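target-v2.cif follows (mmCIF, C-alpha atoms):
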data_input
loop_
_atom_site.label_atom_id
_atom_site.label_comp_id
_atom_site.auth_asym_id
_atom_site.auth_seq_id
_atom_site.Cartn_x
_atom_site.Cartn_y
_atom_site.Cartn_z
CA MET A 1 53.14 143.31 88.12
CA ALA A 2 55.37 142.43 85.15
CA VAL A 3 52.32 141.31 83.13
CA ALA A 4 50.48 144.57 83.78
CA VAL A 5 53.57 146.65 83.00
CA ALA A 6 54.05 144.91 79.65
CA GLN A 7 50.40 145.41 78.76
CA VAL A 8 50.20 149.11 79.66
CA THR A 9 53.53 149.86 77.98
CA GLU A 10 52.25 148.47 74.67
CA LEU A 11 48.88 150.20 75.06
CA ALA A 12 50.62 153.54 75.62
CA ARG A 13 52.88 152.90 72.65
CA ARG A 14 49.74 152.59 70.51
CA GLY A 15 48.50 155.98 71.63
CA HIS A 16 46.08 155.04 74.39
CA GLU A 17 45.85 157.13 77.54
CA VAL A 18 46.70 154.67 80.30
CA ASP A 19 46.66 154.89 84.10
CA LEU A 20 48.33 152.08 86.05
CA LEU A 21 47.08 151.81 89.63
CA ALA A 22 49.07 149.66 92.04
CA GLY A 23 49.46 148.99 95.73
CA TRP A 24 52.68 150.44 97.09
CA ASP A 25 55.04 149.65 99.95
CA GLY A 26 56.13 153.28 100.32
CA ALA A 27 59.62 152.66 98.91
CA ALA A 28 59.54 151.09 95.46
CA LYS A 29 59.74 153.35 92.41
CA LEU A 30 57.95 152.64 89.16
CA GLU A 31 58.11 154.80 86.04
CA ILE A 32 56.76 153.69 82.65
CA GLU A 33 57.16 155.84 79.56
CA GLY A 34 53.81 157.21 78.40
CA VAL A 35 51.91 155.72 81.36
CA ASN A 36 50.46 157.61 84.32
CA VAL A 37 51.59 155.47 87.26
CA LEU A 38 49.52 155.96 90.41
CA LEU A 39 50.84 154.23 93.54
CA PHE A 40 48.64 153.82 96.61
CA ARG A 41 50.05 152.86 99.98
CA ALA A 42 49.07 149.29 100.85
CA ARG A 43 48.86 148.44 104.53
CA LYS A 44 48.30 145.19 106.38
CA THR A 45 45.12 145.42 108.43
CA LEU A 46 44.80 141.71 109.28
CA PRO A 47 47.32 138.95 110.05
CA GLY A 48 48.50 136.98 107.03
CA GLY A 49 50.25 137.49 103.70
CA PHE A 50 49.66 139.86 100.82
CA SER A 51 45.98 138.87 100.64
CA ARG A 52 45.38 140.83 103.87
CA LEU A 53 46.72 144.12 102.50
CA THR A 54 44.34 146.99 101.80
CA ALA A 55 44.75 150.21 99.79
CA PRO A 56 41.83 152.50 100.65
CA ALA A 57 43.20 155.42 98.65
CA MET A 58 43.07 153.33 95.46
CA LEU A 59 39.38 152.66 96.03
CA GLN A 60 38.79 156.37 96.67
CA HIS A 61 40.53 157.19 93.39
CA MET A 62 38.34 154.76 91.47
CA TRP A 63 35.20 156.15 93.12
CA ALA A 64 36.12 159.67 92.05
CA ASN A 65 37.66 158.94 88.65
CA GLY A 66 36.54 155.51 87.44
CA GLY A 67 33.80 156.90 85.26
CA ARG A 68 36.26 158.56 82.90
CA TYR A 69 37.94 155.27 81.95
CA ASP A 70 36.70 153.45 78.86
CA ALA A 71 37.74 150.18 80.47
CA THR A 72 38.97 148.99 83.86
CA HIS A 73 41.33 145.99 83.67
CA VAL A 74 41.85 144.42 87.10
CA HIS A 75 44.55 141.82 87.73
CA LEU A 76 42.35 140.13 90.27
CA ALA A 77 43.06 137.87 93.22
CA ARG A 78 41.35 136.90 96.44
CA ASP A 79 42.73 139.95 98.23
CA LEU A 80 41.54 143.22 99.71
CA VAL A 81 43.34 145.51 97.24
CA THR A 82 42.14 144.34 93.83
CA LEU A 83 38.75 142.83 94.70
CA PRO A 84 37.23 146.02 96.16
CA VAL A 85 38.19 147.87 92.97
CA ALA A 86 36.55 145.20 90.82
CA CYS A 87 33.43 145.24 93.03
CA LEU A 88 33.20 149.00 92.68
CA ALA A 89 33.55 148.75 88.91
CA THR A 90 30.59 146.38 88.67
CA ARG A 91 28.44 148.42 91.06
CA ARG A 92 29.05 151.61 89.07
CA ALA A 93 28.69 149.85 85.70
CA TYR A 94 32.25 150.50 84.53
CA ARG A 95 33.40 148.25 81.71
CA LEU A 96 35.37 145.59 83.62
CA VAL A 97 37.93 143.08 82.38
CA THR A 98 39.39 140.72 84.98
CA GLN A 99 42.60 138.70 84.71
CA THR A 100 43.08 136.21 87.54
CA HIS A 101 46.36 134.45 86.61
CA GLY A 102 45.14 131.13 87.97
CA MET A 103 44.73 132.60 91.47
CA VAL A 104 40.92 132.33 91.53
CA MET A 105 40.09 128.67 91.15
CA PRO A 106 37.54 126.40 92.88
CA ASP A 107 38.66 125.82 96.45
CA GLY A 108 36.82 123.70 98.98
CA ARG A 109 38.17 125.44 102.08
CA LEU A 110 35.44 127.08 104.13
CA LYS A 111 37.07 130.52 104.31
CA THR A 112 37.57 130.59 100.53
CA ARG A 113 34.00 129.49 99.83
CA ALA A 114 32.76 132.23 102.16
CA PHE A 115 34.99 134.82 100.46
CA ASP A 116 33.67 133.82 97.04
CA ALA A 117 30.06 133.83 98.20
CA LEU A 118 30.39 137.29 99.73
CA ALA A 119 32.03 139.07 96.81
CA MET A 120 34.14 137.17 94.28
CA ARG A 121 31.44 135.15 92.52
CA ALA A 122 29.10 138.11 91.99
CA THR A 123 31.94 140.30 90.76
CA LEU A 124 33.08 137.76 88.19
CA ARG A 125 29.51 137.19 87.00
CA LYS A 126 29.07 140.92 86.38
CA ALA A 127 32.43 141.48 84.63
CA ASP A 128 32.27 142.17 80.91
CA ALA A 129 35.16 139.80 80.14
CA LEU A 130 37.25 137.31 82.11
CA LEU A 131 40.73 136.38 80.94
CA ALA A 132 42.13 132.88 81.52
CA LEU A 133 45.66 131.71 80.80
CA THR A 134 44.91 128.01 80.39
CA ASP A 135 42.03 125.64 79.65
CA GLU A 136 42.22 124.53 83.28
CA GLU A 137 41.77 128.09 84.51
CA LYS A 138 38.90 128.61 82.07
CA ALA A 139 37.19 125.51 83.45
CA GLY A 140 37.74 126.73 87.01
CA LEU A 141 36.27 130.16 86.30
CA THR A 142 33.33 128.51 84.57
CA THR A 143 32.69 126.43 87.70
CA ILE A 144 32.81 129.51 89.96
CA THR A 145 30.61 131.69 87.75
CA ALA A 146 28.40 128.96 86.19
CA ASP A 147 28.89 130.81 82.90
CA GLY A 148 31.80 130.39 80.50
CA SER A 149 30.48 132.64 77.75
CA ARG A 150 32.57 135.70 78.70
CA ILE A 151 35.82 133.86 79.39
CA HIS A 152 38.62 134.44 76.89
CA ARG A 153 41.95 132.64 76.61
CA ILE A 154 45.01 134.87 76.71
CA THR A 155 48.72 134.33 77.24
CA ASN A 156 51.22 136.56 78.98
CA GLY A 157 53.10 138.64 76.44
CA ILE A 158 56.41 140.40 76.63
CA ASP A 159 58.25 143.03 74.61
CA PHE A 160 61.81 142.23 73.66
CA SER A 161 64.66 142.72 71.26
CA GLU A 162 67.24 140.02 70.68
CA SER A 163 70.38 140.66 72.70
CA SER A 164 73.56 140.97 70.71
CA GLY A 165 75.63 141.09 73.87
CA ARG A 166 74.86 140.25 77.47
CA PRO A 167 76.55 141.48 80.64
CA ARG A 168 78.48 138.52 81.98
CA THR A 169 80.31 137.76 85.19
CA THR A 170 83.74 136.13 85.41
CA VAL A 171 82.31 133.23 87.41
CA PRO A 172 78.97 131.98 86.03
CA GLN A 173 75.98 132.87 88.19
CA ILE A 174 73.05 130.46 88.57
CA VAL A 175 70.00 132.42 89.69
CA PHE A 176 66.69 131.60 91.39
CA LEU A 177 64.42 134.66 91.17
CA ALA A 178 60.96 134.27 92.71
CA ARG A 179 59.04 134.67 95.93
CA LEU A 180 60.38 132.44 98.69
CA HIS A 181 57.05 130.65 98.98
CA PRO A 182 56.95 126.87 99.46
CA ARG A 183 55.35 126.46 96.02
CA LYS A 184 58.38 128.07 94.39
CA ARG A 185 60.63 125.36 95.92
CA VAL A 186 63.77 127.36 96.62
CA LEU A 187 65.08 124.46 98.72
CA ALA A 188 65.15 122.21 95.65
CA PHE A 189 67.34 124.86 94.03
CA ALA A 190 69.53 124.96 97.14
CA GLU A 191 69.99 121.17 97.12
CA ALA A 192 70.96 121.23 93.44
CA ALA A 193 73.44 124.03 94.22
CA ARG A 194 74.97 121.99 97.05
CA ASP A 195 75.46 118.99 94.78
CA LEU A 196 76.99 121.06 92.00
CA VAL A 197 79.38 122.72 94.45
CA ALA A 198 80.35 119.28 95.76
CA ARG A 199 81.33 118.15 92.27
CA GLY A 200 83.51 121.24 91.80
CA THR A 201 81.31 123.25 89.43
CA ASN A 202 82.79 126.67 88.66
CA ALA A 203 79.73 128.78 89.47
CA THR A 204 78.03 130.73 92.24
CA PHE A 205 74.38 130.37 93.17
CA HIS A 206 72.07 133.29 93.95
CA VAL A 207 68.56 133.49 95.43
CA VAL A 208 66.61 136.68 94.70
CA GLY A 209 63.13 137.43 96.00
CA PRO A 210 61.02 138.41 99.01
CA ASP A 211 60.42 135.99 101.86
CA GLU A 212 57.04 134.30 101.91
CA GLY A 213 57.81 131.47 104.30
CA ASP A 214 60.99 129.69 103.17
CA LEU A 215 63.75 132.17 104.01
CA ASP A 216 64.56 130.74 107.44
CA ALA A 217 64.77 127.23 106.00
CA LEU A 218 67.02 128.48 103.19
CA LEU A 219 69.38 130.31 105.53
CA GLY A 220 69.48 127.30 107.83
CA PHE A 221 70.37 125.06 104.87
CA ILE A 222 73.16 127.40 103.77
CA GLU A 223 74.58 127.40 107.29
CA SER A 224 74.32 123.65 107.89
CA GLU A 225 75.80 122.74 104.50
CA GLY A 226 78.66 125.25 104.68
CA LEU A 227 77.60 127.09 101.53
CA LYS A 228 78.07 130.71 102.63
CA ASP A 229 80.64 131.37 99.92
CA SER A 230 78.71 129.61 97.14
CA LEU A 231 74.99 130.14 97.77
CA LYS A 232 73.91 133.69 98.55
CA TYR A 233 70.57 135.30 99.38
CA GLU A 234 70.30 138.75 97.79
CA GLY A 235 66.86 139.79 99.07
CA ALA A 236 64.09 141.26 96.94
CA ILE A 237 64.65 143.60 94.01
CA PRO A 238 62.48 146.54 92.88
CA SER A 239 59.67 145.97 90.40
CA GLY A 240 60.87 146.16 86.82
CA ARG A 241 64.45 145.11 87.58
CA ALA A 242 64.10 141.35 87.05
CA SER A 243 65.36 141.39 83.45
CA GLU A 244 68.44 143.38 84.44
CA ARG A 245 69.29 140.85 87.15
CA LEU A 246 68.57 137.85 84.95
CA ALA A 247 70.79 139.22 82.18
CA LYS A 248 73.80 138.70 84.44
CA ALA A 249 72.97 135.03 84.99
CA ALA A 250 74.41 132.08 83.10
CA VAL A 251 71.27 130.05 83.91
CA TYR A 252 67.88 130.92 85.40
CA VAL A 253 66.28 128.17 87.48
CA LEU A 254 62.58 128.10 88.40
CA PRO A 255 61.82 124.80 90.17
CA SER A 256 58.24 125.68 91.15
CA PHE A 257 55.14 123.61 90.51
CA GLY A 258 51.73 124.94 89.47
CA GLU A 259 53.03 127.86 87.38
CA ILE A 260 50.90 128.97 84.45
CA VAL A 261 52.79 131.54 82.39
CA PRO A 262 55.65 132.70 84.65
CA MET A 263 56.86 136.10 83.51
CA THR A 264 60.34 135.52 84.91
CA VAL A 265 60.81 132.67 82.44
CA LEU A 266 59.86 134.97 79.56
CA GLU A 267 62.05 137.75 80.97
CA ALA A 268 65.04 135.42 81.17
CA MET A 269 64.44 134.38 77.57
CA THR A 270 64.34 138.00 76.39
CA VAL A 271 67.84 138.65 77.74
CA GLY A 272 69.25 135.42 76.36
CA THR A 273 69.58 133.54 79.66
CA PRO A 274 68.92 129.77 79.37
CA VAL A 275 66.06 128.55 81.55
CA VAL A 276 65.73 125.41 83.69
CA MET A 277 62.16 124.76 84.84
CA THR A 278 59.67 122.01 85.70
CA HIS A 279 57.11 120.20 83.58
CA ASP A 280 54.31 121.48 85.84
CA CYS A 281 54.10 124.85 84.10
CA GLY A 282 51.71 126.14 81.46
CA VAL A 283 54.50 126.96 78.99
CA ALA A 284 56.60 123.83 79.57
CA ASP A 285 55.28 121.77 76.66
CA GLU A 286 55.69 124.65 74.20
CA LEU A 287 59.26 125.36 75.30
CA ARG A 288 60.23 121.68 75.44
CA PHE A 289 58.89 121.14 71.91
CA ARG A 290 60.95 124.08 70.67
CA ASN A 291 64.08 123.10 72.69
CA ALA A 292 63.88 126.59 74.16
CA ALA A 293 64.24 125.56 77.83
CA ALA A 294 65.41 122.61 79.91
CA VAL A 295 62.23 121.04 81.33
CA THR A 296 62.73 118.76 84.36
CA ASN A 297 60.65 116.87 86.91
CA GLY A 298 61.76 119.41 89.51
CA SER A 299 63.95 117.08 91.58
CA PRO A 300 67.31 118.43 92.75
CA GLU A 301 68.99 115.69 90.69
CA GLU A 302 67.35 116.72 87.42
CA LEU A 303 67.84 120.40 88.16
CA MET A 304 71.54 119.74 88.79
CA SER A 305 71.92 117.74 85.56
CA ALA A 306 70.19 120.41 83.47
CA ILE A 307 72.29 123.23 84.94
CA ALA A 308 75.50 121.25 84.44
CA ALA A 309 74.63 120.46 80.81
CA ILE A 310 74.16 124.15 80.02
CA LEU A 311 77.35 125.20 81.81
CA ASP A 312 79.34 122.45 80.09
CA SER A 313 78.18 123.26 76.54
CA SER A 314 78.27 126.75 75.07
CA ALA A 315 76.67 125.29 71.92
CA LEU A 316 73.67 124.05 73.93
CA ALA A 317 73.32 127.41 75.68
CA GLU A 318 73.39 129.27 72.35
CA SER A 319 70.89 126.88 70.78
CA MET A 320 68.48 127.37 73.69
CA ARG A 321 68.95 131.13 73.42
CA GLN A 322 68.07 131.22 69.71
CA ASN A 323 65.13 128.85 70.11
CA ALA A 324 63.82 131.02 72.95
CA TYR A 325 63.89 134.10 70.72
CA ILE A 326 61.82 132.25 68.11
CA ALA A 327 59.28 131.18 70.74
CA LEU A 328 59.03 134.76 71.97
CA ARG A 329 58.38 136.11 68.50
CA GLU A 330 55.86 133.47 67.48
CA VAL A 331 53.96 132.77 70.69
CA PHE A 332 54.61 135.22 73.52
CA SER A 333 54.63 138.61 71.76
CA ILE A 334 53.01 141.45 73.70
CA LYS A 335 51.75 142.87 70.40
CA ALA A 336 49.46 139.88 69.81
CA VAL A 337 48.23 140.03 73.41
CA VAL A 338 47.34 143.72 73.20
CA ASP A 339 45.54 143.22 69.87
CA HIS A 340 43.22 140.93 71.82
CA LEU A 341 42.90 143.37 74.74
CA GLU A 342 41.97 146.27 72.48
CA ALA A 343 39.10 144.25 71.02
CA LEU A 344 37.82 143.37 74.51
CA TYR A 345 38.08 146.95 75.76
CA LYS A 346 36.03 148.17 72.81
CA GLY A 347 33.43 145.48 73.40
#
What do you get writing this file as structure tokens?
Amino acid sequence: MAVAVAQVTELARRGHEVDLLAGWDGAAKLEIEGVNVLLFRARKTLPGGFSRLTAPAMLQHMWANGGRYDATHVHLARDLVTLPVACLATRRAYRLVTQTHGMVMPDGRLKTRAFDALAMRATLRKADALLALTDEEKAGLTTITADGSRIHRITNGIDFSESSGRPRTTVPQIVFLARLHPRKRVLAFAEAARDLVARGTNATFHVVGPDEGDLDALLGFIESEGLKDSLKYEGAIPSGRASERLAKAAVYVLPSFGEIVPMTVLEAMTVGTPVVMTHDCGVADELRFRNAAAVTNGSPEELMSAIAAILDSSALAESMRQNAYIALREVFSIKAVVDHLEALYKG
């Protein structure tokens, strides 16, 4: 959602009329200056995770109104909210741009192959442009569609202004902010927190995000290790509030593998919060080269060492902060991203 919000905000700023359509849980609020935000109740119709959600009212809206849009940009996954909209766009010959964020890659599992054969492959083949974040994703989309001619490389962009002052807490907060999915590796963060607490580190540790499988294991770890006062689970936060939460952190830790361009890393950088991450991330090499983040192998030991180094050296934290601002300006600017999008929308 953060990627789409950044894109539509910049498009609206340039004078475009923009509608943002999104699935909705019935509670979250989302307002974007200059953007017509349309939220459609998403409901689970089949057992499973978010991929089993549907939003029939969104499809009805596109059926009735899709023809008035000059372009339809779908942040597409193998789910029953975004894919039906993309299918409709191709059937009604709307100009379609898809952005899959590495979520639609070749997969040998029978159910995925069947899903692709039924709808995904044909939809991608009929799209006017496909956006890929990495060369690996471009190769994967080429394999699925058997045609790489309409695939364009793009990065995630973000709008920011350099912080002159950040809200701080008396005791430094170390924050994990992501879905509690096994791939995000919250337990590696928890183990690093335990070891830092054991060595007497003056900090508290906070986990923020919705449960997608690892919450019970996390809570069990907190209980068994006696960390109730040091390691806290805060639950999920509303869309658009990540930067506000990250601004209060002394360090942001994302120990996940298989990330491409994680928006939370960019959001932490925009508010001047040093980042600890893993090498298995599409932006890791760029940020390591610029000394703009601490890049680790993802083990609790390396995570612990990187966090401790930042807490122990205000000079290191400030250097990472300034280098992150340079990387944002030169590589991850939303303005450059939207320049590219405008050209694709116009064809």
Neighbour list for region 82-98 of chain A as a PyMOL selection string, cut-off 10 Å, all atoms listed in the file, skip fewer than 2 positions in-chain = chain A and resi 21-23+51+53-56+58-63+66-80+100-101+119-120+122-132+150-151+341+344-347
Just so the selection is clear, what residues does the PyMOL selection byres ((chain A and resi 338) around 12) cover here, as a PyMOL selection string?
-> chain A and resi 3-14+16+154-159+332-337+339-345
Please save C-alpha atoms of the selected residues as a PDB file, in the frame of the given file.
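Written file, again_35.pdb:
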ATOM      1  CA  VAL A   3      52.320 141.310  83.130  1.00  0.00           C
ATOM      2  CA  ALA A   4      50.480 144.570  83.780  1.00  0.00           C
ATOM      3  CA  VAL A   5      53.570 146.650  83.000  1.00  0.00           C
ATOM      4  CA  ALA A   6      54.050 144.910  79.650  1.00  0.00           C
ATOM      5  CA  GLN A   7      50.400 145.410  78.760  1.00  0.00           C
ATOM      6  CA  VAL A   8      50.200 149.110  79.660  1.00  0.00           C
ATOM      7  CA  THR A   9      53.530 149.860  77.980  1.00  0.00           C
ATOM      8  CA  GLU A  10      52.250 148.470  74.670  1.00  0.00           C
ATOM      9  CA  LEU A  11      48.880 150.200  75.060  1.00  0.00           C
ATOM     10  CA  ALA A  12      50.620 153.540  75.620  1.00  0.00           C
ATOM     11  CA  ARG A  13      52.880 152.900  72.650  1.00  0.00           C
ATOM     12  CA  ARG A  14      49.740 152.590  70.510  1.00  0.00           C
ATOM     13  CA  HIS A  16      46.080 155.040  74.390  1.00  0.00           C
ATOM     14  CA  ILE A 154      45.010 134.870  76.710  1.00  0.00           C
ATOM     15  CA  THR A 155      48.720 134.330  77.240  1.00  0.00           C
ATOM     16  CA  ASN A 156      51.220 136.560  78.980  1.00  0.00           C
ATOM     17  CA  GLY A 157      53.100 138.640  76.440  1.00  0.00           C
ATOM     18  CA  ILE A 158      56.410 140.400  76.630  1.00  0.00           C
ATOM     19  CA  ASP A 159      58.250 143.030  74.610  1.00  0.00           C
ATOM     20  CA  PHE A 332      54.610 135.220  73.520  1.00  0.00           C
ATOM     21  CA  SER A 333      54.630 138.610  71.760  1.00  0.00           C
ATOM     22  CA  ILE A 334      53.010 141.450  73.700  1.00  0.00           C
ATOM     23  CA  LYS A 335      51.750 142.870  70.400  1.00  0.00           C
ATOM     24  CA  ALA A 336      49.460 139.880  69.810  1.00  0.00           C
ATOM     25  CA  VAL A 337      48.230 140.030  73.410  1.00  0.00           C
ATOM     26  CA  ASP A 339      45.540 143.220  69.870  1.00  0.00           C
ATOM     27  CA  HIS A 340      43.220 140.930  71.820  1.00  0.00           C
ATOM     28  CA  LEU A 341      42.900 143.370  74.740  1.00  0.00           C
ATOM     29  CA  GLU A 342      41.970 146.270  72.480  1.00  0.00           C
ATOM     30  CA  ALA A 343      39.100 144.250  71.020  1.00  0.00           C
ATOM     31  CA  LEU A 344      37.820 143.370  74.510  1.00  0.00           C
ATOM     32  CA  TYR A 345      38.080 146.950  75.760  1.00  0.00           C
TER      33      TYR A 345
END
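The space separating CA of Met269 (chain A) from CA of Arg321 (chain A) comes to 6.9 Å.
Among the candidate residues A:Val197, A:Met304, A:Ile260, A:Trp24, the one lying nearest to Phe40 (chain A) is A:Trp24, with distances computed using all atoms listed in the file.
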Among A:Leu187, A:Met263, A:Ala192, A:Leu227, Gly213 (chain A) is approached most closely, using all atoms listed in the file, by A:Leu187
Find the residue from A:Ile310, A:Val276, A:Leu133, A:Ala146 that sits nearest to Asn297 (chain A); use all atoms listed in the file when measuring.
-> A:Val276
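For the pair CA of Ala324 (chain A) and CA of Ala292 (chain A), the separation is 4.6 Å.
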Could you add the missing atoms to region 269-292 of chain A, up to N, CA and C atoms, and return them as a short mmCIF file (atom, residue, chain, number, x, y, z; two decimals), keeping the file's coordinate frame?
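Output below, filename part13.cif:
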data_model
loop_
_atom_site.label_atom_id
_atom_site.label_comp_id
_atom_site.auth_asym_id
_atom_site.auth_seq_id
_atom_site.Cartn_x
_atom_site.Cartn_y
_atom_site.Cartn_z
N MET A 269 64.28 134.66 79.00
CA MET A 269 64.44 134.38 77.57
C MET A 269 64.73 135.65 76.78
N THR A 270 64.12 136.77 77.15
CA THR A 270 64.34 138.00 76.39
C THR A 270 65.78 138.49 76.48
N VAL A 271 66.46 138.19 77.59
CA VAL A 271 67.84 138.65 77.74
C VAL A 271 68.84 137.55 77.42
N GLY A 272 68.36 136.46 76.84
CA GLY A 272 69.25 135.42 76.36
C GLY A 272 69.80 134.51 77.44
N THR A 273 69.12 134.41 78.58
CA THR A 273 69.58 133.54 79.66
C THR A 273 68.85 132.20 79.58
N PRO A 274 69.57 131.09 79.42
CA PRO A 274 68.92 129.77 79.37
C PRO A 274 68.12 129.49 80.64
N VAL A 275 67.00 128.80 80.46
CA VAL A 275 66.06 128.55 81.55
C VAL A 275 66.01 127.06 81.88
N VAL A 276 66.01 126.75 83.18
CA VAL A 276 65.73 125.41 83.69
C VAL A 276 64.44 125.51 84.50
N MET A 277 63.47 124.66 84.20
CA MET A 277 62.16 124.76 84.84
C MET A 277 61.59 123.37 85.05
N THR A 278 60.32 123.29 85.49
CA THR A 278 59.67 122.01 85.70
C THR A 278 58.58 121.79 84.66
N HIS A 279 58.17 120.53 84.54
CA HIS A 279 57.11 120.20 83.58
C HIS A 279 55.76 120.72 84.01
N ASP A 280 55.60 121.04 85.31
CA ASP A 280 54.31 121.48 85.84
C ASP A 280 54.16 122.98 85.69
N CYS A 281 54.13 123.42 84.44
CA CYS A 281 54.10 124.85 84.10
C CYS A 281 53.38 124.98 82.77
N GLY A 282 52.54 126.01 82.65
CA GLY A 282 51.71 126.14 81.46
C GLY A 282 52.47 126.31 80.16
N VAL A 283 53.73 126.76 80.22
CA VAL A 283 54.50 126.96 78.99
C VAL A 283 55.51 125.84 78.75
N ALA A 284 55.54 124.85 79.65
CA ALA A 284 56.60 123.83 79.57
C ALA A 284 56.55 123.04 78.27
N ASP A 285 55.37 122.60 77.87
CA ASP A 285 55.28 121.77 76.66
C ASP A 285 55.73 122.55 75.43
N GLU A 286 55.32 123.81 75.34
CA GLU A 286 55.69 124.65 74.20
C GLU A 286 57.21 124.83 74.14
N LEU A 287 57.82 125.11 75.27
CA LEU A 287 59.26 125.36 75.30
C LEU A 287 60.06 124.07 75.12
N ARG A 288 59.55 122.96 75.65
CA ARG A 288 60.23 121.68 75.44
C ARG A 288 60.19 121.30 73.95
N PHE A 289 59.03 121.46 73.33
CA PHE A 289 58.89 121.14 71.91
C PHE A 289 59.86 121.94 71.05
N ARG A 290 60.09 123.19 71.44
CA ARG A 290 60.95 124.08 70.67
C ARG A 290 62.41 124.00 71.12
N ASN A 291 62.73 123.16 72.11
CA ASN A 291 64.08 123.10 72.69
C ASN A 291 64.54 124.48 73.14
N ALA A 292 63.60 125.22 73.73
CA ALA A 292 63.88 126.59 74.16
C ALA A 292 64.13 126.70 75.65
#
